[in-house]
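Q: Here's a structure for you.
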Amino acid sequence: MSSAVEKVIAGDVRTVARLIRDIDDKIPGVRDVLKALYAHTGKAYVIGITGAPGVGKSTLVDQMVNHYRHQGKSVGVLAVDPTSPFTGGAILGDRIRMQRHSLDDGVFIRSLATRGHFGGLSQSTRSAIDVLDAMGKDYIIVETVGVGQDEVDVVKSAQTTVIVVIPGMGDDIQAIKAGILEVGDLFVINKADREGADKTFNELRQMIDMGHEKYEDGKWKPPILKAEAVFDRGVTELLETIERHRDYLLKASQGNKLRKNKERIREDLVEMIKSRLIQEVLDHMSENDRLNKAVDAVMDGEIDPYTACDELLLSTLRALQKDL
Amino acid sequence: MSLTYSRKIMDDIRKEREKWERTLKEVFSITPQRLERFSTVSDQEIKPLYTPEDLQNHDFQRDMGFPGEYPFTRGVQPSMYRGRLWTMRMFAGLGTAKDTNQRFHVLVNAGQTGLSTAFDMPTLMGYDTESPRSKGECGKCGVAIDTIVDMEDLFDGLPVDGITTSMTINPPAPVIWGMYIAMAEKRGIDRRKIGGTIQNDMLKEFIAQKTFMCPPIPSLRLITDTVEFGTHEVPRWNTISISGYHIREAGSTAVQELAFTLADGIAYSQAAIERGLKVDDFAPRFSFFFNSHLDFFEEIAKFRAARRLWAKIMKERFKAEDPRSWWLRFHTQTAGCSLTAQQPYNNIVRTALQALAAVLGGTQSLHTNSLDEVLGLPTEEAATIALRTQQIIAEESGVANTIDPLGGAFFVEALSDRMEEEALAIIRKIDEMGGMLSAIEKNYPQREIADAAYRYQRQIDESIKTVVGVNKYATEERLPVEILEIDEALEKIQIEKTLRIKMERDNGKTGECLERLGEACVSGKNVMNPIIDAVKAYATLQEVCDVFRGAFGEYKDPGIY
Amino acid sequence: MRDRKLRVMVAKPGLDGHDRGARIIARAFRDAGFEVVYTGLHQTPDSIVKAAIQEDVDMIGLSSLAGAHMYLFPEVVKLLKENGADDIVVVGGGIIPDDDIPKLKAQGIVEIFTPGSKLDDMVGWVKANVKTRTD
Ligand SMILES: Nc1nc2c(ncn2[C@@H]2O[C@H](COP(=O)(O)OP(=O)(O)OP(=O)(O)O)[C@@H](O)[C@H]2O)c(=O)[nH]1
Ligand SMILES: [Mg+2]
């Protein structure tokens, strides 16, 4: 076993931090470490938090961390912020709200940027979750801005997915409906200190129930909670509801280890194949400049793009077969 | 009565203007204009020429009028500087209370007519010097105050019933003010006799300066307590100095400074009225504090527009009847953020121009920055040059001979009108958001300022805006400037002093007083008398502030970038 | 090997709230393509160092305008060393008297940016002098 693996399992912060960086930077060697770590995963409970910008996700996460710490549980946080499509840079600001925990050894907070890699966000975040899991964190909370498919995929890999809205967000709720309503295991109306929380509650209830026609016996009916994250109100209830959902999942899977149910394994695997494939293929194509050459050839009318694609793909796959 | 002329004359003016514009176009077709676009430091576009046509809707009586008369565009007093010059109020504070006391004596002897106190960071945040968070900060950018004993040392030998004292303090303002009142009373001076100002403006802290303690709503409650207390018991005190200065320093435009400051004023007034106070009882004790930045005419127009806009707000929105409620009296400080570390002596000139703008804008008091402020704490010599700058403007330049000398200038009037209009639009927007508290909660002013600051920095970097000695006419050499250093040993001395006081005091009594303060926080009773009792019983600044933190919670930086 | 993305932290130690410079530089770093972790105001050296390690940044930019830099900046360097993370480059900015600059550099603050520094120059300096990890 490599020393990196040992150190992660021993909870060494520096090693974990660097490993997550390697995952994010797609350093090839990282796969061996992840392979070795896999056997040590599956113990943590993963909670996804998503919602429109500024609804109070980070504030809520900060309070959740606080509560878990009072229960003596250790927590890992992955906070994802968007990368600027124009500059490739990002300001990762979620940490500001959680900075009070930075001196607490039982808490590990990491900010990630979406980086706009093809579906790779969810893959690298999943790997980062595995690392925090192997590190021994009891709970792992993943915060994303619920805008793109990528971000939705990320929270889908959580066992409990929490969707945060605020009162009077009529339009935004419409947007949620289109994308992520189905993935929400529970909903939080944050900033309930503001006007309109009840109205939003009713609208939301209707929308969710519509999707489910009628809940079968024993099937999970996504609860809607109210919270005021800045004032630490409603957080206890949120945590209790998460535990209820956890029990429900446990029962539904007949005691199987939660993160290892069949569906999830399949999804994770497909996800991994997809991102790995795209990454390897594109890397290979650009490394020996063949992609550029093909572009030039199409440009000069020497070849049509369909043929160029076939040729590139075939030769690349053949070459890769040897490497892999 | 209109400021402009008969229709016939206006027609002639328009024709002449169009002719002149054609000529101008020809001239520029041969030698193009110097810049593609001319704009103020806040990026407001400026035309090549202003004429009576720009004042077609301007009405002399309604918009300009006479000094001392509504809407006070030309000044709040009828006599302005013909009666009394502005107060030259230089901000001072360094090291321990005893050090600052010495500087105060020097300033008073040099002819300064009002004192102004700067506190160090721990004091500004409501921490004692011994707090771990205060490490390395004692006395660094102002004086350290832990207990009433420090306050007594600070004003030792100074006639607190004869001078006015301004104290730049925000979250712990009620406590520092309480210490000042207690200090005066221990000397046998009635609280009704003391005069001065506490800044006590938390809204601009959330917006710009970021010295926080409690969340916005309880902060506003504490401020309203001071307003109520001042109205009834310390009638010569200005209980809030509603400040645009820091908003501007944080990078806002001139119009944003104007609008956010007045919107803060509206929020304070609203809160006091909701407390049951009558507008004419408290509004005359509100004062303002503005920045005087680089753009000469923009600043003058800002001051003039501010007076007019506030008078209208007070009269029309709040139905104030006492003319003193309509007055926008203000202190000005030249723009610290405009000073450069490169070629620091240029700062004297910048400050002189900014001071001149403040005077032409009709300020009531003025602080001029020292040339070395951007390098560290000002030395005595640099502070003296800054004071002399004001004296030259006041007594040599002749600008104080007549009132509002720029009144009636087409450009200045047009710019004043425009700034009022644009500021009003922002104030309306804030009203629509539900007032300044909600706007702050939505991070609206914070974000607007961050955007403006970044835009301006980019313009400097791309040399769209010139900073002499920095992005133009730069030189390699660095002139040696003497800098004041604060002795690191101060911290230890100060900590020991406070420890000794804590050991010698009657702890039981201090504890009782703090408990009573805590009860007042919860019950909603005015906190000022309990504070005064507590500091008289030698409660420290932090002990009092911890009561607030316990009762109201702490506010954390929302980190808007 | 792929290029690593530069990760930097912009932090404000101490009590002063003048974050105009810090916020502007954070934006400039983002616009230069860096990933910027911003800590917000009123941080202690300890909390900055712990955060920097968890975030695996290549550089910490400290900003101070209230005169406490002589304690706060070296304290950050010291704590990094104690935590075995002294490969993280520390730079400072703000109102720093000329005389203090050599003293700070002697204590491990690699570069000091004083008022008037151009954003592009600061970005250029970082690109030239801060290397992402190679291992
Ligand atoms: N009134 C009110 N404000 C809240 C509440 N919770 C959070 N906020 C405020 O909402 C703002 C945004 O909070 P964040 O926690 O940063 O929100 P976020 O969803 O993480 O934001 P992004 O990560 O930028 O998408 C902050 O100013 C919080 O103080 C609440 O319950 N009530
Ligand atoms: Mg967030």
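Residues in the structure tokens are numbered from 1 in each chain, the chains being A, B, ... in the order shown, and ligands are numbered from 1 in the order shown.
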Which residues are close to stretch 395-408 of chain B, i.e. within 8 Å by only C-alpha atoms, leaving aside same-chain residues fewer than 2 positions away? Reply as a ChimeraX atom specification.

A: /B:64,67,74-75,79-82,85,359-362,391-393,410,412-413

Q: Take the residues that were just selected and, keeping C-alpha atoms, output them as a tab-separated table (two decimals), in the first residue's frame.

A:
```tsv
chain	number	residue	atom	x	y	z
B	64	MET	CA	-30.67	77.47	-5.94
B	67	PRO	CA	-27.79	80.58	1.56
B	74	ARG	CA	-25.80	77.41	-1.52
B	75	GLY	CA	-25.16	76.63	2.13
B	79	SER	CA	-23.59	83.97	6.48
B	80	MET	CA	-21.48	80.90	5.65
B	81	TYR	CA	-17.75	81.66	5.84
B	82	ARG	CA	-18.37	85.40	6.10
B	85	LEU	CA	-14.80	79.72	8.83
B	359	VAL	CA	-14.75	74.58	0.87
B	360	LEU	CA	-16.39	75.61	-2.40
B	361	GLY	CA	-19.01	72.98	-1.61
B	362	GLY	CA	-19.73	74.62	1.73
B	391	GLN	CA	-5.30	77.82	6.63
B	392	ILE	CA	-3.94	78.95	3.26
B	393	ILE	CA	-7.25	78.21	1.58
B	410	PHE	CA	-23.77	76.57	-16.04
B	412	VAL	CA	-21.80	73.43	-11.81
B	413	GLU	CA	-25.55	73.90	-11.70
```

Q: Dump the neighbourhood of ligand 2 as a VMD selection string: all residues within 6 Å, distances computed on only C-alpha atoms and all ligand atoms.

A: chain A and resid 57 to 58 94

Q: Kindly save the residues from that selection, with N, CA, C and O atoms included, as a short mmCIF file (atom, residue, chain, number, x, y, z; two decimals), in the first residue's frame.

A:
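Resulting contents of out-v8.cif:
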```
data_model
loop_
_atom_site.label_atom_id
_atom_site.label_comp_id
_atom_site.auth_asym_id
_atom_site.auth_seq_id
_atom_site.Cartn_x
_atom_site.Cartn_y
_atom_site.Cartn_z
N LYS A 57 -27.27 28.46 0.87
CA LYS A 57 -26.75 27.09 0.97
C LYS A 57 -25.54 27.02 1.90
O LYS A 57 -25.48 26.18 2.79
N SER A 58 -24.58 27.92 1.66
CA SER A 58 -23.35 27.84 2.46
C SER A 58 -23.64 28.14 3.93
O SER A 58 -23.07 27.51 4.82
N ASP A 94 -17.65 30.17 -1.07
CA ASP A 94 -18.49 29.48 -0.09
C ASP A 94 -17.80 29.38 1.26
O ASP A 94 -18.43 29.43 2.31
#
```

Q: What do you get as a PyMOL selection string if you pick all residues at most 8 Å from ligand 1, counting only C-alpha atoms and all ligand atoms?

A: (chain A and resi 50-61+81+93-94+97+143-145+164+190-194+227-233) or (chain B and resi 441-443+558)

Q: Listing only residues of chain B within 9 Å of chain A, what is the closest atom pair and its distance in Å (to one decimal) for each, using only C-alpha atoms, sorted by chain and residue number ascending, as JSON lines?

A:
```
{"residue": "B:Lys442", "atom": "CA", "partner": "A:Gly54", "partner_atom": "CA", "distance": 9.0}
{"residue": "B:Lys556", "atom": "CA", "partner": "A:Arg97", "partner_atom": "CA", "distance": 8.0}
{"residue": "B:Asp557", "atom": "CA", "partner": "A:Ile96", "partner_atom": "CA", "distance": 7.8}
{"residue": "B:Pro558", "atom": "CA", "partner": "A:Arg97", "partner_atom": "CA", "distance": 7.2}
{"residue": "B:Gly559", "atom": "CA", "partner": "A:Ile96", "partner_atom": "CA", "distance": 6.5}
{"residue": "B:Ile560", "atom": "CA", "partner": "A:Gly93", "partner_atom": "CA", "distance": 8.4}
{"residue": "B:Tyr561", "atom": "CA", "partner": "A:Ile91", "partner_atom": "CA", "distance": 8.5}
```

Q: Provide as a ChimeraX atom specification the residues of chain A at most 10 Å from chain C, counting only C-alpha atoms.

A: /A:13-22,24-28,83-105,107-113,115,283,287

Q: Which of stretch 55-119 of chain C counts as strand (DSSP E) under DSSP, as a list in words please?

A: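 Those in stretch 55-119 of chain C that DSSP calls strand (DSSP E) are Met59, Ile60, Gly61, Leu62, Ser63, Ser64, Val89, Val90, Val91, Gly92, Gly93, Gly94, Glu111, Ile112 and Phe113 of chain C.
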
Q: Take the selection from the previous step and output its residues with N, CA, C and O atoms, as a compact mmCIF listing (two decimals), in the first residue's frame.

A:
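Output file selection-v5.txt follows:
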```
# COMPACT_ATOMS: atom_id res chain seq x y z
N MET C 59 -0.39 29.68 -3.30
CA MET C 59 0.06 30.97 -2.78
C MET C 59 -0.99 31.55 -1.85
O MET C 59 -2.19 31.33 -2.05
N ILE C 60 -0.53 32.29 -0.86
CA ILE C 60 -1.46 33.06 -0.02
C ILE C 60 -1.11 34.53 -0.20
O ILE C 60 0.05 34.92 -0.05
N GLY C 61 -2.08 35.33 -0.56
CA GLY C 61 -1.90 36.77 -0.62
C GLY C 61 -2.55 37.39 0.60
O GLY C 61 -3.75 37.23 0.81
N LEU C 62 -1.75 38.09 1.41
CA LEU C 62 -2.27 38.69 2.63
C LEU C 62 -2.41 40.19 2.42
O LEU C 62 -1.54 40.82 1.84
N SER C 63 -3.49 40.75 2.91
CA SER C 63 -3.68 42.18 2.76
C SER C 63 -3.88 42.82 4.12
O SER C 63 -4.63 42.31 4.95
N SER C 64 -3.18 43.90 4.36
CA SER C 64 -3.35 44.59 5.64
C SER C 64 -3.17 46.10 5.45
O SER C 64 -2.26 46.53 4.76
N VAL C 89 3.69 29.75 -1.16
CA VAL C 89 4.31 31.08 -1.25
C VAL C 89 3.44 32.10 -0.55
O VAL C 89 2.22 32.11 -0.73
N VAL C 90 4.05 32.95 0.27
CA VAL C 90 3.28 34.00 0.94
C VAL C 90 3.70 35.36 0.41
O VAL C 90 4.89 35.69 0.37
N VAL C 91 2.73 36.14 -0.05
CA VAL C 91 3.01 37.50 -0.45
C VAL C 91 2.09 38.43 0.33
O VAL C 91 1.08 38.01 0.87
N GLY C 92 2.48 39.70 0.40
CA GLY C 92 1.68 40.65 1.17
C GLY C 92 1.37 41.89 0.35
O GLY C 92 2.05 42.19 -0.63
N GLY C 93 0.34 42.60 0.77
CA GLY C 93 0.01 43.86 0.10
C GLY C 93 -0.67 44.78 1.09
O GLY C 93 -1.15 44.34 2.13
N GLY C 94 -0.67 46.06 0.74
CA GLY C 94 -1.35 47.02 1.60
C GLY C 94 -0.45 48.18 1.92
O GLY C 94 0.51 48.46 1.20
N GLU C 111 7.16 38.50 -1.50
CA GLU C 111 7.04 39.77 -2.22
C GLU C 111 6.01 40.63 -1.52
O GLU C 111 5.07 40.12 -0.89
N ILE C 112 6.20 41.96 -1.64
CA ILE C 112 5.27 42.91 -1.04
C ILE C 112 4.78 43.84 -2.13
O ILE C 112 5.58 44.42 -2.87
N PHE C 113 3.48 43.98 -2.23
CA PHE C 113 2.91 44.91 -3.20
C PHE C 113 2.33 46.11 -2.45
O PHE C 113 1.48 45.96 -1.58
```

Q: May I ask you to extract the residues of chain C within 8 Å of chain B, using only C-alpha atoms, and to give them as a VMD selection string?

A: chain C and resid 14 to 20 23 to 24 26 to 27 39 to 41 44 66 to 72 95 to 98 114 to 116 118 to 120

Q: Need the shell around B:Ser370: protein/DNA/RNA residues with any atom at most 7 Å away, counting only C-alpha atoms. Skip same-chain ones fewer than 3 positions apart. Format as a list in words?

A: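 Counting only the stated atoms, we get Glu373, Pro378, Ala382, Ala383 and Ala386 of chain B.
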
Q: Residues as selected, all heavy atoms, written as a PDB file, in the first residue's frame, can you do that?

A:
```pdb
ATOM      1  N   GLU B 373       0.089  59.597   4.629  1.00  0.00           N
ATOM      2  CA  GLU B 373      -0.927  58.686   5.160  1.00  0.00           C
ATOM      3  C   GLU B 373      -0.933  57.322   4.470  1.00  0.00           C
ATOM      4  O   GLU B 373      -1.270  56.316   5.066  1.00  0.00           O
ATOM      5  CB  GLU B 373      -2.308  59.326   5.013  1.00  0.00           C
ATOM      6  CG  GLU B 373      -3.179  59.121   6.218  1.00  0.00           C
ATOM      7  CD  GLU B 373      -3.799  60.422   6.698  1.00  0.00           C
ATOM      8  OE1 GLU B 373      -3.066  61.397   6.940  1.00  0.00           O
ATOM      9  OE2 GLU B 373      -5.003  60.471   6.796  1.00  0.00           O
ATOM     10  N   PRO B 378       0.713  59.316  10.049  1.00  0.00           N
ATOM     11  CA  PRO B 378       1.293  60.619   9.752  1.00  0.00           C
ATOM     12  C   PRO B 378       2.250  61.118  10.835  1.00  0.00           C
ATOM     13  O   PRO B 378       1.991  60.943  12.023  1.00  0.00           O
ATOM     14  CB  PRO B 378       0.090  61.543   9.633  1.00  0.00           C
ATOM     15  CG  PRO B 378      -1.054  60.811  10.182  1.00  0.00           C
ATOM     16  CD  PRO B 378      -0.736  59.363  10.185  1.00  0.00           C
ATOM     17  N   ALA B 382       4.067  66.292   8.817  1.00  0.00           N
ATOM     18  CA  ALA B 382       3.139  66.116   7.703  1.00  0.00           C
ATOM     19  C   ALA B 382       1.744  66.580   8.103  1.00  0.00           C
ATOM     20  O   ALA B 382       1.023  67.208   7.312  1.00  0.00           O
ATOM     21  CB  ALA B 382       3.120  64.657   7.270  1.00  0.00           C
ATOM     22  N   ALA B 383       1.349  66.287   9.334  1.00  0.00           N
ATOM     23  CA  ALA B 383       0.027  66.708   9.800  1.00  0.00           C
ATOM     24  C   ALA B 383      -0.054  68.229   9.848  1.00  0.00           C
ATOM     25  O   ALA B 383      -1.105  68.819   9.561  1.00  0.00           O
ATOM     26  CB  ALA B 383      -0.260  66.111  11.173  1.00  0.00           C
ATOM     27  N   ALA B 386      -0.656  69.620   6.431  1.00  0.00           N
ATOM     28  CA  ALA B 386      -2.049  69.414   6.055  1.00  0.00           C
ATOM     29  C   ALA B 386      -2.947  70.480   6.679  1.00  0.00           C
ATOM     30  O   ALA B 386      -3.859  71.000   6.023  1.00  0.00           O
ATOM     31  CB  ALA B 386      -2.493  68.017   6.477  1.00  0.00           C
TER      32      ALA B 386
END
```

Q: Show which residues sit within 8 Å of B:Ala551, as a list in words. Count only C-alpha atoms, and ignore same-chain residues fewer than 4 positions away.

A: Gly518, Cys521, Val522 and Val547 of chain B

Q: For atom CA of B:Leu490 and atom CA of B:Glu130, determine how far apart the two atoms are, in Å to one decimal place.

A: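 The value is 11.7 Å.
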
Q: Taking the DSSP secondary structure from the backbone, can you list the residues of chain C that are alpha helix (DSSP H), as number ranges by chain?

A: C: 20-31, 45-55, 69-82, 100-106, 119-129

Q: Using only C-alpha atoms, can you tell me which of B:Glu45, B:Glu380, B:Asp190, B:Asp146 comes closest to B:Ala92?

A: B:Glu380

Q: May I ask which of the residues B:Ser42, B:Gln112, B:Gln333, B:Ser241 is the closest one to B:Met167, counting only C-alpha atoms?

A: B:Ser241

Q: Between atom CA of B:Ile501 and atom CA of B:Thr96, measure the distance and give it in Å to one decimal.

A: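 We find that atom CA of B:Ile501 and atom CA of B:Thr96 lie 15.5 Å from each other.
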
Q: Just the residues within 12 Å of B:Ala259, please, counting only C-alpha atoms, with nothing from its chain fewer than 2 positions along; format it as a ChimeraX atom specification.

A: /B:204,242-244,247-248,252-257,261-266,290,302-303,305-306,309-310,313,419-431,436,445,448-449

Q: Just want the 8 Å neighbourhood of C:Lys131, counted on only C-alpha atoms, with same-chain residues fewer than 3 positions away dropped. Output as a PyMOL selection string.

A: chain C and resi 6+58+127-128

Q: Could you check which of B:Ile495, B:Ile440, B:Ala534, B:Val234 is closest to B:Phe206, using only C-alpha atoms?

A: B:Ile440

Q: Skip B:Phe296 itself and residues of its chain fewer than 2 positions away, then list as a VMD selection string all residues within 10 Å of it, counting only C-alpha atoms.

A: chain B and resid 40 to 41 292 to 294 298 to 301 353 to 358 360 to 361

Q: Could you check the closest approach to A:Thr161 for each of A:Ile47, A:Lys274, A:Leu225, A:Ala252 and tell me which residue wins, using only C-alpha atoms?

A: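 Ranking A:Ile47, A:Lys274, A:Leu225, A:Ala252 by distance to A:Thr161, first place goes to A:Ile47.
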